[in-house]
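Novice: Next comes the structure file target12.cif, holding mmCIF, C-alpha atoms and all ligand atoms.
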```cif
data_entry
#
loop_
_atom_site.label_atom_id
_atom_site.label_comp_id
_atom_site.auth_asym_id
_atom_site.auth_seq_id
_atom_site.Cartn_x
_atom_site.Cartn_y
_atom_site.Cartn_z
CA MET A 1 30.96 -36.10 -11.96
CA THR A 2 30.64 -32.49 -13.17
CA GLU A 3 31.29 -32.09 -16.87
CA PRO A 4 34.20 -29.76 -17.68
CA ALA A 5 33.06 -26.40 -18.98
CA GLU A 6 34.55 -23.22 -20.40
CA ARG A 7 33.43 -19.62 -20.18
CA LEU A 8 32.90 -18.48 -23.77
CA PHE A 9 31.79 -15.48 -25.78
CA PHE A 10 31.61 -14.41 -29.40
CA ALA A 11 33.33 -11.14 -30.21
CA VAL A 12 34.80 -9.06 -32.94
CA TRP A 13 38.49 -9.33 -32.19
CA PRO A 14 40.66 -6.39 -33.32
CA SER A 15 43.56 -6.80 -35.71
CA PRO A 16 46.91 -5.48 -34.37
CA ALA A 17 46.34 -2.26 -36.39
CA VAL A 18 42.83 -1.72 -35.00
CA ARG A 19 44.08 -2.54 -31.50
CA ALA A 20 46.82 0.08 -31.84
CA ALA A 21 44.23 2.64 -33.01
CA LEU A 22 41.97 1.68 -30.09
CA VAL A 23 44.82 2.24 -27.64
CA GLN A 24 45.30 5.76 -29.04
CA SER A 25 41.59 6.56 -28.95
CA VAL A 26 41.02 5.38 -25.39
CA ALA A 27 44.16 7.05 -24.00
CA PRO A 28 42.26 10.14 -22.74
CA LEU A 29 39.74 7.85 -21.08
CA CYS A 30 42.45 5.79 -19.40
CA GLU A 31 44.35 8.88 -18.27
CA SER A 32 41.32 10.23 -16.43
CA ALA A 33 40.21 6.86 -15.10
CA ASN A 34 40.45 5.95 -11.47
CA GLY A 35 39.22 2.42 -11.88
CA ARG A 36 40.88 -0.78 -13.07
CA LEU A 37 42.25 -0.39 -16.57
CA ILE A 38 41.50 -3.29 -18.89
CA PRO A 39 44.73 -4.32 -20.63
CA PRO A 40 44.74 -3.40 -24.33
CA GLU A 41 45.37 -7.01 -25.34
CA ASN A 42 41.89 -7.73 -23.96
CA TYR A 43 40.04 -5.07 -25.99
CA HIS A 44 37.19 -6.59 -28.01
CA LEU A 45 33.59 -6.03 -29.04
CA THR A 46 31.28 -8.62 -27.51
CA LEU A 47 28.55 -10.00 -29.79
CA ALA A 48 27.12 -12.69 -27.51
CA PHE A 49 28.10 -13.81 -24.03
CA LEU A 50 27.62 -17.57 -23.57
CA ASP A 51 28.91 -17.89 -20.01
CA SER A 52 29.83 -21.42 -18.96
CA VAL A 53 29.51 -23.96 -21.80
CA PRO A 54 29.92 -27.72 -21.16
CA ALA A 55 32.64 -29.39 -23.27
CA SER A 56 30.02 -31.59 -24.97
CA LYS A 57 28.41 -28.47 -26.51
CA MET A 58 31.62 -27.00 -27.91
CA SER A 59 31.31 -28.46 -31.39
CA ALA A 60 27.69 -27.25 -31.68
CA VAL A 61 28.76 -23.76 -30.60
CA ILE A 62 31.51 -23.72 -33.25
CA ALA A 63 29.03 -25.02 -35.84
CA ALA A 64 26.64 -22.17 -34.90
CA GLY A 65 29.44 -19.66 -35.59
CA HIS A 66 30.14 -21.22 -38.99
CA ALA A 67 26.42 -21.26 -39.85
CA VAL A 68 26.25 -17.46 -39.55
CA ASP A 69 26.24 -15.67 -42.87
CA PHE A 70 28.97 -13.16 -42.00
CA VAL A 71 29.12 -9.95 -44.02
CA PRO A 72 32.19 -7.75 -43.39
CA PHE A 73 31.26 -4.34 -42.01
CA ALA A 74 32.68 -1.02 -40.91
CA LEU A 75 31.89 0.24 -37.43
CA THR A 76 32.49 3.87 -36.52
CA LEU A 77 33.50 4.26 -32.88
CA ASP A 78 32.65 7.79 -31.83
CA CYS A 79 31.58 8.02 -28.20
CA TYR A 80 32.43 7.15 -24.62
CA GLY A 81 29.88 5.75 -22.23
CA ILE A 82 29.31 4.02 -18.94
CA PHE A 83 27.34 0.96 -17.83
CA GLU A 84 26.30 1.99 -14.35
CA SER A 85 25.60 -1.28 -12.66
CA PRO A 86 28.81 -3.14 -13.61
CA GLN A 87 30.65 0.23 -13.47
CA VAL A 88 32.24 -0.26 -16.85
CA LEU A 89 33.60 2.63 -18.85
CA TRP A 90 33.57 2.01 -22.59
CA TYR A 91 34.47 3.41 -25.97
CA GLY A 92 31.92 2.64 -28.61
CA SER A 93 29.53 3.53 -31.30
CA SER A 94 26.42 5.69 -31.26
CA ALA A 95 24.97 3.73 -34.19
CA VAL A 96 24.68 0.04 -35.03
CA PRO A 97 25.38 -0.68 -38.71
CA ASP A 98 22.84 -3.06 -40.26
CA PRO A 99 25.36 -5.89 -40.94
CA LEU A 100 26.40 -5.82 -37.28
CA ALA A 101 22.79 -5.87 -36.07
CA ARG A 102 22.12 -8.80 -38.42
CA LEU A 103 25.26 -10.59 -37.20
CA VAL A 104 24.15 -10.38 -33.57
CA ALA A 105 20.60 -11.51 -34.38
CA ASN A 106 21.82 -14.30 -36.66
CA LEU A 107 24.29 -15.55 -34.07
CA ARG A 108 21.66 -15.57 -31.34
CA SER A 109 19.28 -17.43 -33.60
CA HIS A 110 21.88 -20.12 -34.45
CA LEU A 111 22.76 -20.49 -30.76
CA THR A 112 19.15 -20.99 -29.70
CA GLY A 113 18.75 -24.54 -28.48
CA VAL A 114 22.52 -24.95 -28.18
CA VAL A 115 23.18 -22.76 -25.15
CA LYS A 116 21.01 -20.71 -22.84
CA LEU A 117 21.57 -17.08 -23.76
CA ARG A 118 20.79 -14.21 -21.47
CA PRO A 119 17.70 -12.25 -22.53
CA GLU A 120 18.42 -9.86 -25.35
CA ARG A 121 19.10 -6.27 -24.35
CA ARG A 122 19.46 -3.30 -26.66
CA PHE A 123 22.75 -4.04 -28.40
CA CYS A 124 25.30 -1.36 -27.70
CA PRO A 125 28.55 -1.86 -29.64
CA HIS A 126 31.37 -1.08 -27.25
CA VAL A 127 34.88 -1.87 -26.14
CA SER A 128 35.19 -2.02 -22.35
CA VAL A 129 38.16 -0.02 -21.18
CA VAL A 130 37.91 0.48 -17.42
CA ARG A 131 36.15 -1.51 -14.71
CA LYS A 132 35.10 -0.25 -11.26
CA MET A 133 34.49 3.27 -12.45
CA ALA A 134 31.23 4.89 -11.43
CA ALA A 135 31.04 8.04 -13.55
CA LEU A 136 31.99 9.20 -16.99
CA PRO A 137 34.82 11.73 -16.79
CA GLN A 138 34.29 15.12 -18.42
CA LEU A 139 35.94 14.58 -21.78
CA ALA A 140 35.64 15.95 -25.27
CA ARG A 141 33.93 13.60 -27.72
CA PRO A 142 36.57 11.20 -29.08
CA ALA A 143 37.87 11.31 -32.62
CA LYS A 144 36.08 8.84 -34.88
CA LEU A 145 37.74 5.48 -35.40
CA VAL A 146 36.53 3.29 -38.24
CA TRP A 147 36.92 -0.40 -37.41
CA GLN A 148 36.77 -2.65 -40.46
CA ALA A 149 35.65 -6.08 -39.32
CA TYR A 150 36.54 -8.96 -41.60
CA ASP A 151 35.63 -11.75 -39.21
CA PHE A 152 34.44 -12.55 -35.71
CA ALA A 153 35.72 -15.00 -33.12
CA LEU A 154 34.80 -17.48 -30.43
CA VAL A 155 36.80 -16.60 -27.33
CA ARG A 156 37.56 -18.43 -24.07
CA SER A 157 37.67 -16.38 -20.88
CA GLU A 158 39.71 -17.51 -17.88
CA TYR A 159 40.58 -15.85 -14.61
CA GLY A 160 44.09 -14.47 -14.82
CA PRO A 161 46.27 -12.65 -12.33
CA GLY A 162 44.29 -9.41 -11.76
CA HIS A 163 42.46 -9.50 -15.08
CA ALA A 164 40.79 -11.92 -17.49
CA LEU A 165 42.82 -14.04 -19.88
CA TYR A 166 41.19 -14.36 -23.30
CA THR A 167 42.06 -16.93 -25.95
CA VAL A 168 40.66 -16.82 -29.47
CA LEU A 169 39.54 -20.41 -30.18
CA GLU A 170 38.07 -20.07 -33.66
CA ARG A 171 37.55 -17.38 -36.27
CA PHE A 172 34.58 -17.05 -38.62
CA SER A 173 34.72 -15.04 -41.81
CA ALA A 174 32.62 -14.52 -44.90
CA ALA A 175 32.06 -17.47 -47.21
CA PRO A 176 34.24 -17.22 -50.36
CA ALA A 177 32.34 -15.56 -53.23
P1 LIG B 201 32.09 -6.45 -22.55
O1 LIG B 201 33.31 -6.14 -21.73
O2 LIG B 201 32.27 -6.27 -23.99
O3 LIG B 201 30.86 -5.78 -22.00
C1 LIG B 201 33.91 -11.75 -21.56
O4 LIG B 201 33.64 -12.02 -20.24
C2 LIG B 201 33.05 -10.61 -22.07
O5 LIG B 201 31.69 -10.97 -22.05
C3 LIG B 201 33.16 -9.38 -21.18
O6 LIG B 201 34.22 -8.59 -21.62
C4 LIG B 201 31.82 -8.75 -21.33
O7 LIG B 201 31.85 -7.99 -22.49
C5 LIG B 201 30.91 -9.90 -21.61
N1 LIG B 201 30.19 -10.31 -20.40
C6 LIG B 201 30.72 -10.75 -19.25
N2 LIG B 201 29.76 -11.01 -18.36
C7 LIG B 201 28.59 -10.74 -18.99
C8 LIG B 201 27.24 -10.82 -18.60
N3 LIG B 201 26.89 -11.24 -17.39
N4 LIG B 201 26.30 -10.45 -19.49
C9 LIG B 201 26.65 -10.04 -20.71
N5 LIG B 201 27.93 -9.93 -21.13
C10 LIG B 201 28.88 -10.28 -20.28
#
```
What would the structure in this file look like if it were written as structure tokens?
Specialist:
Amino acid sequence: MTEPAERLFFAVWPSPAVRAALVQSVAPLCESANGRLIPPENYHLTLAFLDSVPASKMSAVIAAGHAVDFVPFALTLDCYGIFESPQVLWYGSSAVPDPLARLVANLRSHLTGVVKLRPERRFCPHVSVVRKMAALPQLARPAKLVWQAYDFALVRSEYGPGHALYTVLERFSAAPA
């Protein structure tokens, strides 16, 4: 019998205040988009995509998240961009702060041997906003948005009606001082 599995990823999940600021910042992008808008409740910053994870590995995945030495960080979102092959339009950052780069590397290292990760690509911090959009619209550079991240999350992805349904399963924050 096939073992039950869930599609999982680690992400920085916005607080309601950050989500509201994201909605404002991506409004020009959404207005000029002729693709499929991603609903604002799904906005997030992916750290590691795990794909399908068997139920028996869930506790090890959660333990890997807790083993990460998380350091809160500020991320400045300041640019729009496009991933050509999946045709994703995104709002993101032109620089990767050191604590974020360390978080991604640390997470990948703790997940090694637990799940099979896709090969590492250059990490590009971004929030996907529109799918099925081939070209970046002509837009002024967005205003800067500073996202203070106090934790990160393990998230389940399911197929919903017309768009993905995400559920935060566990949050991971800095160890108390
Ligand atoms: P992104 O939108 O931040 O790029 C949940 O499915 C999230 O995992 C997606 O929103 C996407 O993040 C990322 N993801 C999905 N499929 C992926 C893949 N094949 N490789 C890497 N990341 C993927």
Novice: Go through the chains and note each residue within 10 Å of ligand LIG 201 (chain B), using all atoms listed in the file, then give the set as a PDB file with C-alpha atoms, in the coordinates of the input.
Specialist:
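Generated file (pocket.pdb):
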```
ATOM      1  CA  ARG A   7      33.430 -19.620 -20.180  1.00  0.00           C
ATOM      2  CA  LEU A   8      32.900 -18.480 -23.770  1.00  0.00           C
ATOM      3  CA  PHE A   9      31.790 -15.480 -25.780  1.00  0.00           C
ATOM      4  CA  PHE A  10      31.610 -14.410 -29.400  1.00  0.00           C
ATOM      5  CA  ALA A  11      33.330 -11.140 -30.210  1.00  0.00           C
ATOM      6  CA  VAL A  12      34.800  -9.060 -32.940  1.00  0.00           C
ATOM      7  CA  ILE A  38      41.500  -3.290 -18.890  1.00  0.00           C
ATOM      8  CA  ASN A  42      41.890  -7.730 -23.960  1.00  0.00           C
ATOM      9  CA  TYR A  43      40.040  -5.070 -25.990  1.00  0.00           C
ATOM     10  CA  HIS A  44      37.190  -6.590 -28.010  1.00  0.00           C
ATOM     11  CA  LEU A  45      33.590  -6.030 -29.040  1.00  0.00           C
ATOM     12  CA  THR A  46      31.280  -8.620 -27.510  1.00  0.00           C
ATOM     13  CA  LEU A  47      28.550 -10.000 -29.790  1.00  0.00           C
ATOM     14  CA  ALA A  48      27.120 -12.690 -27.510  1.00  0.00           C
ATOM     15  CA  PHE A  49      28.100 -13.810 -24.030  1.00  0.00           C
ATOM     16  CA  LEU A  50      27.620 -17.570 -23.570  1.00  0.00           C
ATOM     17  CA  ASP A  51      28.910 -17.890 -20.010  1.00  0.00           C
ATOM     18  CA  PHE A  83      27.340   0.960 -17.830  1.00  0.00           C
ATOM     19  CA  PRO A  86      28.810  -3.140 -13.610  1.00  0.00           C
ATOM     20  CA  VAL A  88      32.240  -0.260 -16.850  1.00  0.00           C
ATOM     21  CA  LEU A  89      33.600   2.630 -18.850  1.00  0.00           C
ATOM     22  CA  TRP A  90      33.570   2.010 -22.590  1.00  0.00           C
ATOM     23  CA  LEU A 117      21.570 -17.080 -23.760  1.00  0.00           C
ATOM     24  CA  ARG A 118      20.790 -14.210 -21.470  1.00  0.00           C
ATOM     25  CA  PRO A 119      17.700 -12.250 -22.530  1.00  0.00           C
ATOM     26  CA  GLU A 120      18.420  -9.860 -25.350  1.00  0.00           C
ATOM     27  CA  ARG A 121      19.100  -6.270 -24.350  1.00  0.00           C
ATOM     28  CA  CYS A 124      25.300  -1.360 -27.700  1.00  0.00           C
ATOM     29  CA  PRO A 125      28.550  -1.860 -29.640  1.00  0.00           C
ATOM     30  CA  HIS A 126      31.370  -1.080 -27.250  1.00  0.00           C
ATOM     31  CA  VAL A 127      34.880  -1.870 -26.140  1.00  0.00           C
ATOM     32  CA  SER A 128      35.190  -2.020 -22.350  1.00  0.00           C
ATOM     33  CA  VAL A 129      38.160  -0.020 -21.180  1.00  0.00           C
ATOM     34  CA  VAL A 130      37.910   0.480 -17.420  1.00  0.00           C
ATOM     35  CA  ARG A 131      36.150  -1.510 -14.710  1.00  0.00           C
ATOM     36  CA  VAL A 155      36.800 -16.600 -27.330  1.00  0.00           C
ATOM     37  CA  ARG A 156      37.560 -18.430 -24.070  1.00  0.00           C
ATOM     38  CA  SER A 157      37.670 -16.380 -20.880  1.00  0.00           C
ATOM     39  CA  GLU A 158      39.710 -17.510 -17.880  1.00  0.00           C
ATOM     40  CA  TYR A 159      40.580 -15.850 -14.610  1.00  0.00           C
ATOM     41  CA  ALA A 164      40.790 -11.920 -17.490  1.00  0.00           C
ATOM     42  CA  LEU A 165      42.820 -14.040 -19.880  1.00  0.00           C
ATOM     43  CA  TYR A 166      41.190 -14.360 -23.300  1.00  0.00           C
TER      44      TYR A 166
END
```
Novice: Every residue with an atom at most 9 Å from (34.3, 10.8, -11.6) (file coordinates; all atoms listed in the file) is what I'm after, so could you write them as JSON, numbers by chain?
Specialist: {"A": [32, 33, 34, 133, 134, 135, 136, 137, 138]}
Novice: Atom CA of A:Pro54 and atom CA of A:Asn106, how far apart in Å?
Specialist: 22.0 Å
Novice: So how many Å separate atom CA of A:Gly113 and atom CA of A:Ala149, to one decimal?
Specialist: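 Result for atom CA of A:Gly113 versus atom CA of A:Ala149: 27.3 Å, one decimal.
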Novice: Rounded to one decimal, what separation in Å do you get between atom CA of A:Met1 and atom CA of A:Lys116?
Specialist: 21.3 Å
Novice: Which residues come within 10 Å of A:Leu75, counting all atoms listed in the file, excluding same-chain residues fewer than 5 positions away, as a list in words?
Specialist: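 Here the qualifying residues turn out to be Gly92, Ser93, Ser94, Ala95, Val96, Pro97, Pro99, Leu100, Pro125, Lys144, Leu145, Val146, Trp147, Gln148 and Ala149 of chain A.
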Novice: To test the calculation: enclose all listed atoms of stretch 73-77 of chain A in a box whose edges run along x, y and z, add 3 Å on each side, then state centre and edge lengths in Å to one decimal, as lines of an AutoDock Vina configuration file.
Specialist:
```
center_x = 32.4
center_y = 0.0
center_z = -37.4
size_x = 8.2
size_y = 14.6
size_z = 15.1
```
Novice: Extract, using all atoms listed in the file, all DNA, RNA and protein residues at most 8 Å from A:Val68, discarding same-chain residues fewer than 5 positions from it, and format them as a PDB file with C-alpha atoms, in the coordinates of the input.
Specialist:
```pdb
ATOM      1  CA  LEU A 103      25.260 -10.590 -37.200  1.00  0.00           C
ATOM      2  CA  ASN A 106      21.820 -14.300 -36.660  1.00  0.00           C
ATOM      3  CA  LEU A 107      24.290 -15.550 -34.070  1.00  0.00           C
ATOM      4  CA  HIS A 110      21.880 -20.120 -34.450  1.00  0.00           C
TER       5      HIS A 110
END
```
Novice: Find the residue from A:Glu41, A:Glu84, A:Glu3, A:Asp98 that sits nearest to A:Phe70; use all atoms listed in the file when measuring.
Specialist: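 Answer, going by the shortest atom-to-atom distance: A:Asp98.
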Novice: Given the point (26.4, -14.6, -43.2) in the coordinates of this file, which residues lie within 12 Å, counting only C-alpha atoms, and how would they look as a list in words?
Specialist: Ala64, Gly65, His66, Ala67, Val68, Asp69, Phe70, Val71, Pro72, Phe73, Pro99, Leu100, Ala101, Arg102, Leu103, Val104, Ala105, Asn106, Leu107, His110, Tyr150, Asp151, Phe152, Phe172, Ser173, Ala174, Ala175, Pro176 and Ala177 of chain A
Novice: Give me a file of those residues, with C-alpha atoms, as a compact mmCIF listing (two decimals), keeping the file's coordinate frame.
Specialist:
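As written to disk, selection_24.txt reads:
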```
# COMPACT_ATOMS: atom_id res chain seq x y z
CA ALA A 64 26.64 -22.17 -34.90
CA GLY A 65 29.44 -19.66 -35.59
CA HIS A 66 30.14 -21.22 -38.99
CA ALA A 67 26.42 -21.26 -39.85
CA VAL A 68 26.25 -17.46 -39.55
CA ASP A 69 26.24 -15.67 -42.87
CA PHE A 70 28.97 -13.16 -42.00
CA VAL A 71 29.12 -9.95 -44.02
CA PRO A 72 32.19 -7.75 -43.39
CA PHE A 73 31.26 -4.34 -42.01
CA PRO A 99 25.36 -5.89 -40.94
CA LEU A 100 26.40 -5.82 -37.28
CA ALA A 101 22.79 -5.87 -36.07
CA ARG A 102 22.12 -8.80 -38.42
CA LEU A 103 25.26 -10.59 -37.20
CA VAL A 104 24.15 -10.38 -33.57
CA ALA A 105 20.60 -11.51 -34.38
CA ASN A 106 21.82 -14.30 -36.66
CA LEU A 107 24.29 -15.55 -34.07
CA HIS A 110 21.88 -20.12 -34.45
CA TYR A 150 36.54 -8.96 -41.60
CA ASP A 151 35.63 -11.75 -39.21
CA PHE A 152 34.44 -12.55 -35.71
CA PHE A 172 34.58 -17.05 -38.62
CA SER A 173 34.72 -15.04 -41.81
CA ALA A 174 32.62 -14.52 -44.90
CA ALA A 175 32.06 -17.47 -47.21
CA PRO A 176 34.24 -17.22 -50.36
CA ALA A 177 32.34 -15.56 -53.23
```
Novice: For A:Tyr80, which of A:Ala140, A:Ile62, A:Ala17, A:Leu111 is the closest residue, counting all atoms listed in the file?
Specialist: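 Closest to A:Tyr80, using all atoms listed in the file: A:Ala140.
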Novice: I need the residue nearest A:Arg36 from this list: A:Lys132, A:Thr167, A:Ala5, A:Leu154. Use all atoms listed in the file for the distance.
Specialist: A:Lys132
